[in-house]
Amino acid sequence: MTRRRKIYEGKAKVLFKGPEPGTLVQYFKDDATAFNNEKKGVITGKGVLNNRISEYLMLRLAEAGIPTHFVRRLNMREQLVKEVEIVPVEVVVRNIAAGSICKRFNIEEGTPLPRSIVEYYYKNDELGDPLISEEHITAFGWAGPPEIDDMLSLSLRINDFLSGLFLGIGLRLIDFKLEYGRLYDENDQMRIVLADEITPDGCRLWDIETNEKMDKDRFRRDMGGVAEAYQEVARRLGITPESGQQDIKGPKTIQ
Ligand code: TMP
Ligand code: ASP
C-alpha cells in the first residue's frame, strides 16, 4: 500500500495511482466518520465488506446500462477504477424520510415521501457539505446543465434499480448518496459516470420486516452491531468474503 503514489486520502478511502494511465486504485479503510468528521471510529472489517458490496452493486448497475468508473476488484481492500474528474456535487436520493430531511421539515423518521426526492449537496468538508440548488451548481460552475440532467436521470434509474434489488433481499432503500465523475475518452469526449462507492456508509437500509437499521446510522447513533449489519447486507447480497476471514477480525467498534 505504501509503494504506490497516493493521489488523495478521504475519510473512508485512499486513492493511489493505478497500474495503467487513466486508472486509480481505490483502497477501502476501516475508518468511519459521521457528522462531518466530528465523530470518528474504526469498524473492523468494514473496508473489506464495502469493497465487495460496492463491486457487486457497480457491476449490477453496469449490467443495467449505468456507466460507472469501476473496472475490477484487485484484492480484499482494493479495486481498480477509471480516473475521473469528480463533480463536487453529492446527489442524495430519498424514498423515505430519515436523517437531515426529518430535521429540516419536521417530518417523522420513516414517513414515506410523496415521491422520490433528489437533493444536491456541495462536496466541501470545510463547509460541512451544504444543501444547494441547481442554480448554485450552474452559477458557481460546479457542473453544467447537461451534466446536471445526466446526474439526475442516472440517479433516478439507479434508485429504481437498487430499490428493487434490495427489496429482493428484504431491505428497504431509504436514501443514498451518489457521486459522479467526468470520464474523458481518447478523443477528449467527456461523459458523466457513476464514481466513488455504493455501500452502507452512504445508504440507509432498513430490514423490511423489523425496520432494523442495517447501515452507518448504527455508528452515527451509537447503536452497536455496526460490522454485523454490514456483514448481513453482504450475506444477503450473497457476497460474504469467502477467503480472507483473517482480514475480518470479528466485529468490533472503537470510537
Ligand atoms: P442525510 O440524511 O444526513 O442528509 O443523509 C442522506 C443520505 O446520504 C444518507 O444515506 C447518508 C448519505 N450521506 C453520505 O453518504 N455522506 C454525506 O456526507 C451525507 C451528508 C449524506
Ligand atoms: N460521511 C459524512 C461524514 O463523515 C457524513 C455522514 O456520513 O454522516 O461526516
# chains A, B, ... in the order shown; residues from 1 in each chain; ligands from 1
call {"tool": "residues_near_ligand", "arguments": {"ligand": "ligand 1", "cutoff": "6 Å", "atoms": "only C-alpha atoms and all ligand atoms", "output": "ChimeraX atom specification"}}
result
/A:92,98-101,175-177,201-204
call {"tool": "residues_around", "arguments": {"residues": "range 211-215 of chain A", "least_positions_apart": "3", "cutoff": "7 Å", "atoms": "only C-alpha atoms", "output": "list of chain:residue names"}}
result
A:Pro200, A:Asp201, A:Cys203, A:Arg204, A:Leu205, A:Trp206, A:Asp207, A:Ile208, A:Arg218, A:Ala229, A:Tyr230
call {"tool": "atom_distance", "arguments": {"atom1": "CA of Ala227 in chain A", "atom2": "CA of Leu173 in chain A"}}
result
18.6 Å
call {"tool": "closest_atom_pairs", "arguments": {"of": "chain A", "to": "ligand 2", "cutoff": "7 Å", "atoms": "only C-alpha atoms and all ligand atoms", "output": "JSON lines"}}
result
{"residue": "A:Lys11", "atom": "CA", "partner": "ligand 2", "partner_atom_place_in_ligand_line": "4 (O)", "distance": 6.6}
{"residue": "A:Ala32", "atom": "CA", "partner": "ligand 2", "partner_atom_place_in_ligand_line": "4 (O)", "distance": 6.8}
{"residue": "A:Thr33", "atom": "CA", "partner": "ligand 2", "partner_atom_place_in_ligand_line": "4 (O)", "distance": 3.9}
{"residue": "A:Ala34", "atom": "CA", "partner": "ligand 2", "partner_atom_place_in_ligand_line": "8 (O)", "distance": 3.7}
{"residue": "A:Phe35", "atom": "CA", "partner": "ligand 2", "partner_atom_place_in_ligand_line": "9 (O)", "distance": 4.0}
{"residue": "A:Asn36", "atom": "CA", "partner": "ligand 2", "partner_atom_place_in_ligand_line": "9 (O)", "distance": 2.7}
{"residue": "A:Asn37", "atom": "CA", "partner": "ligand 2", "partner_atom_place_in_ligand_line": "9 (O)", "distance": 4.3}
{"residue": "A:Glu38", "atom": "CA", "partner": "ligand 2", "partner_atom_place_in_ligand_line": "9 (O)", "distance": 6.8}
{"residue": "A:Asp201", "atom": "CA", "partner": "ligand 2", "partner_atom_place_in_ligand_line": "7 (O)", "distance": 6.5}
{"residue": "A:Gly202", "atom": "CA", "partner": "ligand 2", "partner_atom_place_in_ligand_line": "7 (O)", "distance": 6.4}
{"residue": "A:Arg220", "atom": "CA", "partner": "ligand 2", "partner_atom_place_in_ligand_line": "8 (O)", "distance": 6.7}
call {"tool": "select_by_dssp", "arguments": {"residues": "range 39-255 of chain A", "states": "helix (DSSP H, G or I)", "output": "PyMOL selection string"}}
result
chain A and resi 46-63+100-105+125-127+134-139+145-167+217-220+226-237+245-247
call {"tool": "write_last_selection", "arguments": {"atoms": "C-alpha atoms", "output": "CSV table (one decimal), in the first residue's frame"}}
result
chain,number,residue,atom,x,y,z
A,46,LYS,CA,-15.7,-2.5,7.1
A,47,GLY,CA,-13.3,-1.8,4.3
A,48,VAL,CA,-13.3,-5.4,3.1
A,49,LEU,CA,-17.1,-5.6,3.2
A,50,ASN,CA,-17.5,-2.2,1.4
A,51,ASN,CA,-15.0,-3.2,-1.3
A,52,ARG,CA,-17.2,-6.2,-2.0
A,53,ILE,CA,-20.5,-4.5,-1.7
A,54,SER,CA,-19.6,-1.6,-4.0
A,55,GLU,CA,-18.0,-4.0,-6.5
A,56,TYR,CA,-21.2,-6.1,-6.6
A,57,LEU,CA,-23.6,-3.1,-6.9
A,58,MET,CA,-21.4,-1.3,-9.5
A,59,LEU,CA,-21.3,-4.5,-11.6
A,60,ARG,CA,-25.1,-5.0,-11.4
A,61,LEU,CA,-25.7,-1.3,-12.3
A,62,ALA,CA,-23.3,-1.6,-15.3
A,63,GLU,CA,-25.3,-4.6,-16.5
A,100,SER,CA,-31.4,15.5,7.8
A,101,ILE,CA,-34.7,15.9,5.9
A,102,CYS,CA,-36.6,15.0,9.1
A,103,LYS,CA,-35.0,17.9,11.0
A,104,ARG,CA,-35.3,20.3,8.1
A,105,PHE,CA,-39.0,19.8,7.6
A,125,ASP,CA,-15.9,19.2,4.1
A,126,GLU,CA,-14.8,22.6,5.4
A,127,LEU,CA,-18.4,23.9,4.8
A,134,GLU,CA,-29.2,23.7,-9.4
A,135,GLU,CA,-28.8,27.4,-9.5
A,136,HIS,CA,-25.7,27.2,-7.3
A,137,ILE,CA,-24.3,24.4,-9.3
A,138,THR,CA,-24.5,26.2,-12.6
A,139,ALA,CA,-23.7,29.7,-11.3
A,145,PRO,CA,-27.0,22.0,-17.2
A,146,PRO,CA,-26.5,18.9,-19.4
A,147,GLU,CA,-24.3,17.3,-16.7
A,148,ILE,CA,-27.0,18.0,-14.0
A,149,ASP,CA,-29.5,16.4,-16.4
A,150,ASP,CA,-27.3,13.3,-16.7
A,151,MET,CA,-26.7,13.1,-12.9
A,152,LEU,CA,-30.5,13.5,-12.2
A,153,SER,CA,-31.7,10.9,-14.7
A,154,LEU,CA,-28.9,8.4,-13.8
A,155,SER,CA,-29.7,8.8,-10.1
A,156,LEU,CA,-33.4,8.1,-10.6
A,157,ARG,CA,-32.6,5.0,-12.7
A,158,ILE,CA,-30.1,3.9,-10.0
A,159,ASN,CA,-32.8,4.4,-7.4
A,160,ASP,CA,-35.3,2.2,-9.3
A,161,PHE,CA,-32.8,-0.5,-9.9
A,162,LEU,CA,-31.3,-0.6,-6.4
A,163,SER,CA,-34.7,-0.3,-4.6
A,164,GLY,CA,-35.8,-3.4,-6.4
A,165,LEU,CA,-32.5,-5.2,-5.8
A,166,PHE,CA,-32.6,-4.5,-2.1
A,167,LEU,CA,-36.3,-5.3,-1.8
A,217,ASP,CA,-26.8,5.1,11.2
A,218,ARG,CA,-25.8,2.3,13.7
A,219,PHE,CA,-22.5,4.0,14.0
A,220,ARG,CA,-23.8,7.6,13.9
A,226,VAL,CA,-22.2,-1.9,13.0
A,227,ALA,CA,-19.9,-4.5,11.5
A,228,GLU,CA,-22.6,-7.2,11.9
A,229,ALA,CA,-25.1,-5.1,10.0
A,230,TYR,CA,-22.6,-4.6,7.1
A,231,GLN,CA,-21.9,-8.3,7.2
A,232,GLU,CA,-25.6,-9.1,7.0
A,233,VAL,CA,-26.0,-6.8,4.0
A,234,ALA,CA,-23.1,-8.6,2.2
A,235,ARG,CA,-24.5,-12.0,3.3
A,236,ARG,CA,-28.0,-11.2,1.8
A,237,LEU,CA,-26.3,-10.0,-1.4
A,245,GLN,CA,-11.5,-14.1,7.1
A,246,GLN,CA,-8.1,-13.3,8.5
A,247,ASP,CA,-8.8,-9.7,7.4
call {"tool": "atom_distance", "arguments": {"atom1": "CA of His69 in chain A", "atom2": "CA of Gly170 in chain A"}}
result
27.8 Å
call {"tool": "closest_residue", "arguments": {"among": "A:Ile192, A:Leu171, A:Ile239, A:Val14", "to": "Arg77 in chain A", "atoms": "only C-alpha atoms"}}
result
A:Val14
call {"tool": "select_by_dssp", "arguments": {"residues": "range 62-151 of chain A", "states": "strand (DSSP E or B)", "output": "PyMOL selection string"}}
result
chain A and resi 68+70-73+78-82+85-96+112-122+131-132
call {"tool": "residues_around", "arguments": {"residues": "Asn124 in chain A", "least_positions_apart": "3", "cutoff": "10 Å", "atoms": "only C-alpha atoms", "output": "list in words"}}
result
Asn36, Pro88, Val89, Glu90, Tyr121, Leu127, Gly128, Asp129 and Pro130 of chain A
call {"tool": "residues_around", "arguments": {"residues": "Glu85 in chain A", "least_positions_apart": "4", "cutoff": "9 Å", "atoms": "only C-alpha atoms", "output": "MDAnalysis selection string"}}
result
chainID A and resid 180:184
call {"tool": "decode", "arguments": {"residues": "range 162-194 of chain A", "atoms": "N, CA, C and O atoms", "output": "PDB file, in the first residue's frame"}}
result
ATOM      1  N   LEU A 162     -31.770  -0.121  -7.681  1.00  0.00           N
ATOM      2  CA  LEU A 162     -31.309  -0.563  -6.361  1.00  0.00           C
ATOM      3  C   LEU A 162     -32.469  -0.817  -5.404  1.00  0.00           C
ATOM      4  O   LEU A 162     -32.406  -1.728  -4.571  1.00  0.00           O
ATOM      5  N   SER A 163     -33.539  -0.031  -5.512  1.00  0.00           N
ATOM      6  CA  SER A 163     -34.694  -0.261  -4.634  1.00  0.00           C
ATOM      7  C   SER A 163     -35.223  -1.678  -4.844  1.00  0.00           C
ATOM      8  O   SER A 163     -35.517  -2.398  -3.889  1.00  0.00           O
ATOM      9  N   GLY A 164     -35.310  -2.083  -6.116  1.00  0.00           N
ATOM     10  CA  GLY A 164     -35.790  -3.433  -6.442  1.00  0.00           C
ATOM     11  C   GLY A 164     -34.820  -4.506  -5.985  1.00  0.00           C
ATOM     12  O   GLY A 164     -35.223  -5.523  -5.414  1.00  0.00           O
ATOM     13  N   LEU A 165     -33.545  -4.240  -6.223  1.00  0.00           N
ATOM     14  CA  LEU A 165     -32.523  -5.219  -5.842  1.00  0.00           C
ATOM     15  C   LEU A 165     -32.555  -5.455  -4.324  1.00  0.00           C
ATOM     16  O   LEU A 165     -32.560  -6.596  -3.853  1.00  0.00           O
ATOM     17  N   PHE A 166     -32.622  -4.371  -3.554  1.00  0.00           N
ATOM     18  CA  PHE A 166     -32.609  -4.516  -2.091  1.00  0.00           C
ATOM     19  C   PHE A 166     -33.924  -5.117  -1.581  1.00  0.00           C
ATOM     20  O   PHE A 166     -33.915  -5.909  -0.638  1.00  0.00           O
ATOM     21  N   LEU A 167     -35.033  -4.730  -2.207  1.00  0.00           N
ATOM     22  CA  LEU A 167     -36.322  -5.312  -1.819  1.00  0.00           C
ATOM     23  C   LEU A 167     -36.276  -6.839  -1.923  1.00  0.00           C
ATOM     24  O   LEU A 167     -36.807  -7.558  -1.074  1.00  0.00           O
ATOM     25  N   GLY A 168     -35.603  -7.306  -2.955  1.00  0.00           N
ATOM     26  CA  GLY A 168     -35.470  -8.748  -3.182  1.00  0.00           C
ATOM     27  C   GLY A 168     -34.727  -9.466  -2.070  1.00  0.00           C
ATOM     28  O   GLY A 168     -34.833 -10.687  -1.931  1.00  0.00           O
ATOM     29  N   ILE A 169     -33.944  -8.732  -1.282  1.00  0.00           N
ATOM     30  CA  ILE A 169     -33.233  -9.372  -0.166  1.00  0.00           C
ATOM     31  C   ILE A 169     -33.732  -8.819   1.173  1.00  0.00           C
ATOM     32  O   ILE A 169     -33.013  -8.822   2.179  1.00  0.00           O
ATOM     33  N   GLY A 170     -34.969  -8.325   1.147  1.00  0.00           N
ATOM     34  CA  GLY A 170     -35.611  -7.934   2.404  1.00  0.00           C
ATOM     35  C   GLY A 170     -35.112  -6.638   3.013  1.00  0.00           C
ATOM     36  O   GLY A 170     -35.202  -6.441   4.223  1.00  0.00           O
ATOM     37  N   LEU A 171     -34.601  -5.742   2.169  1.00  0.00           N
ATOM     38  CA  LEU A 171     -34.115  -4.455   2.676  1.00  0.00           C
ATOM     39  C   LEU A 171     -34.798  -3.307   1.940  1.00  0.00           C
ATOM     40  O   LEU A 171     -34.978  -3.366   0.719  1.00  0.00           O
ATOM     41  N   ARG A 172     -35.172  -2.298   2.693  1.00  0.00           N
ATOM     42  CA  ARG A 172     -35.782  -1.108   2.084  1.00  0.00           C
ATOM     43  C   ARG A 172     -34.699  -0.041   1.919  1.00  0.00           C
ATOM     44  O   ARG A 172     -33.999   0.273   2.875  1.00  0.00           O
ATOM     45  N   LEU A 173     -34.594   0.451   0.676  1.00  0.00           N
ATOM     46  CA  LEU A 173     -33.616   1.518   0.404  1.00  0.00           C
ATOM     47  C   LEU A 173     -34.268   2.851   0.768  1.00  0.00           C
ATOM     48  O   LEU A 173     -35.091   3.383   0.025  1.00  0.00           O
ATOM     49  N   ILE A 174     -33.894   3.356   1.919  1.00  0.00           N
ATOM     50  CA  ILE A 174     -34.493   4.586   2.460  1.00  0.00           C
ATOM     51  C   ILE A 174     -33.962   5.811   1.733  1.00  0.00           C
ATOM     52  O   ILE A 174     -34.724   6.653   1.257  1.00  0.00           O
ATOM     53  N   ASP A 175     -32.638   5.908   1.642  1.00  0.00           N
ATOM     54  CA  ASP A 175     -31.988   7.008   0.904  1.00  0.00           C
ATOM     55  C   ASP A 175     -30.552   6.602   0.601  1.00  0.00           C
ATOM     56  O   ASP A 175     -30.054   5.606   1.120  1.00  0.00           O
ATOM     57  N   PHE A 176     -29.902   7.372  -0.229  1.00  0.00           N
ATOM     58  CA  PHE A 176     -28.486   7.101  -0.528  1.00  0.00           C
ATOM     59  C   PHE A 176     -27.853   8.308  -1.198  1.00  0.00           C
ATOM     60  O   PHE A 176     -28.544   9.169  -1.737  1.00  0.00           O
ATOM     61  N   LYS A 177     -26.527   8.312  -1.165  1.00  0.00           N
ATOM     62  CA  LYS A 177     -25.735   9.403  -1.742  1.00  0.00           C
ATOM     63  C   LYS A 177     -24.867   8.878  -2.879  1.00  0.00           C
ATOM     64  O   LYS A 177     -24.274   7.802  -2.766  1.00  0.00           O
ATOM     65  N   LEU A 178     -24.836   9.605  -3.976  1.00  0.00           N
ATOM     66  CA  LEU A 178     -24.008   9.212  -5.126  1.00  0.00           C
ATOM     67  C   LEU A 178     -23.034  10.328  -5.485  1.00  0.00           C
ATOM     68  O   LEU A 178     -23.313  11.502  -5.230  1.00  0.00           O
ATOM     69  N   GLU A 179     -21.924   9.930  -6.072  1.00  0.00           N
ATOM     70  CA  GLU A 179     -21.000  10.912  -6.650  1.00  0.00           C
ATOM     71  C   GLU A 179     -20.721  10.527  -8.087  1.00  0.00           C
ATOM     72  O   GLU A 179     -20.674   9.335  -8.424  1.00  0.00           O
ATOM     73  N   TYR A 180     -20.536  11.545  -8.903  1.00  0.00           N
ATOM     74  CA  TYR A 180     -20.282  11.322 -10.326  1.00  0.00           C
ATOM     75  C   TYR A 180     -18.942  11.928 -10.727  1.00  0.00           C
ATOM     76  O   TYR A 180     -18.422  12.821 -10.058  1.00  0.00           O
ATOM     77  N   GLY A 181     -18.424  11.409 -11.854  1.00  0.00           N
ATOM     78  CA  GLY A 181     -17.164  11.942 -12.364  1.00  0.00           C
ATOM     79  C   GLY A 181     -17.239  12.142 -13.865  1.00  0.00           C
ATOM     80  O   GLY A 181     -18.092  11.571 -14.544  1.00  0.00           O
ATOM     81  N   ARG A 182     -16.340  12.980 -14.356  1.00  0.00           N
ATOM     82  CA  ARG A 182     -16.214  13.185 -15.808  1.00  0.00           C
ATOM     83  C   ARG A 182     -15.126  12.252 -16.313  1.00  0.00           C
ATOM     84  O   ARG A 182     -13.987  12.320 -15.848  1.00  0.00           O
ATOM     85  N   LEU A 183     -15.539  11.416 -17.260  1.00  0.00           N
ATOM     86  CA  LEU A 183     -14.594  10.472 -17.864  1.00  0.00           C
ATOM     87  C   LEU A 183     -14.306  10.946 -19.286  1.00  0.00           C
ATOM     88  O   LEU A 183     -15.235  11.129 -20.076  1.00  0.00           O
ATOM     89  N   TYR A 184     -13.030  11.161 -19.584  1.00  0.00           N
ATOM     90  CA  TYR A 184     -12.640  11.635 -20.917  1.00  0.00           C
ATOM     91  C   TYR A 184     -12.104  10.466 -21.729  1.00  0.00           C
ATOM     92  O   TYR A 184     -11.249   9.708 -21.250  1.00  0.00           O
ATOM     93  N   ASP A 185     -12.614  10.286 -22.941  1.00  0.00           N
ATOM     94  CA  ASP A 185     -12.096   9.197 -23.780  1.00  0.00           C
ATOM     95  C   ASP A 185     -10.908   9.706 -24.597  1.00  0.00           C
ATOM     96  O   ASP A 185     -10.485  10.851 -24.467  1.00  0.00           O
ATOM     97  N   GLU A 186     -10.377   8.822 -25.484  1.00  0.00           N
ATOM     98  CA  GLU A 186      -9.150   9.178 -26.204  1.00  0.00           C
ATOM     99  C   GLU A 186      -9.345  10.385 -27.134  1.00  0.00           C
ATOM    100  O   GLU A 186      -8.399  11.079 -27.463  1.00  0.00           O
ATOM    101  N   ASN A 187     -10.593  10.642 -27.537  1.00  0.00           N
ATOM    102  CA  ASN A 187     -10.846  11.820 -28.391  1.00  0.00           C
ATOM    103  C   ASN A 187     -11.232  13.040 -27.566  1.00  0.00           C
ATOM    104  O   ASN A 187     -11.800  13.992 -28.094  1.00  0.00           O
ATOM    105  N   ASP A 188     -10.973  12.954 -26.254  1.00  0.00           N
ATOM    106  CA  ASP A 188     -11.321  14.043 -25.334  1.00  0.00           C
ATOM    107  C   ASP A 188     -12.822  14.297 -25.239  1.00  0.00           C
ATOM    108  O   ASP A 188     -13.253  15.383 -24.875  1.00  0.00           O
ATOM    109  N   GLN A 189     -13.591  13.284 -25.617  1.00  0.00           N
ATOM    110  CA  GLN A 189     -15.042  13.367 -25.422  1.00  0.00           C
ATOM    111  C   GLN A 189     -15.310  13.046 -23.958  1.00  0.00           C
ATOM    112  O   GLN A 189     -14.707  12.130 -23.404  1.00  0.00           O
ATOM    113  N   MET A 190     -16.226  13.790 -23.352  1.00  0.00           N
ATOM    114  CA  MET A 190     -16.481  13.593 -21.923  1.00  0.00           C
ATOM    115  C   MET A 190     -17.856  12.963 -21.711  1.00  0.00           C
ATOM    116  O   MET A 190     -18.799  13.278 -22.420  1.00  0.00           O
ATOM    117  N   ARG A 191     -17.911  12.041 -20.745  1.00  0.00           N
ATOM    118  CA  ARG A 191     -19.234  11.616 -20.309  1.00  0.00           C
ATOM    119  C   ARG A 191     -19.253  11.458 -18.792  1.00  0.00           C
ATOM    120  O   ARG A 191     -18.220  11.227 -18.164  1.00  0.00           O
ATOM    121  N   ILE A 192     -20.458  11.616 -18.251  1.00  0.00           N
ATOM    122  CA  ILE A 192     -20.655  11.532 -16.806  1.00  0.00           C
ATOM    123  C   ILE A 192     -20.823  10.059 -16.426  1.00  0.00           C
ATOM    124  O   ILE A 192     -21.648   9.351 -17.024  1.00  0.00           O
ATOM    125  N   VAL A 193     -20.037   9.609 -15.464  1.00  0.00           N
ATOM    126  CA  VAL A 193     -20.167   8.220 -14.991  1.00  0.00           C
ATOM    127  C   VAL A 193     -20.302   8.205 -13.470  1.00  0.00           C
ATOM    128  O   VAL A 193     -19.825   9.110 -12.781  1.00  0.00           O
ATOM    129  N   LEU A 194     -20.936   7.161 -12.978  1.00  0.00           N
ATOM    130  CA  LEU A 194     -21.050   6.963 -11.537  1.00  0.00           C
ATOM    131  C   LEU A 194     -19.670   6.678 -10.970  1.00  0.00           C
ATOM    132  O   LEU A 194     -18.928   5.860 -11.526  1.00  0.00           O
TER     133      LEU A 194
END
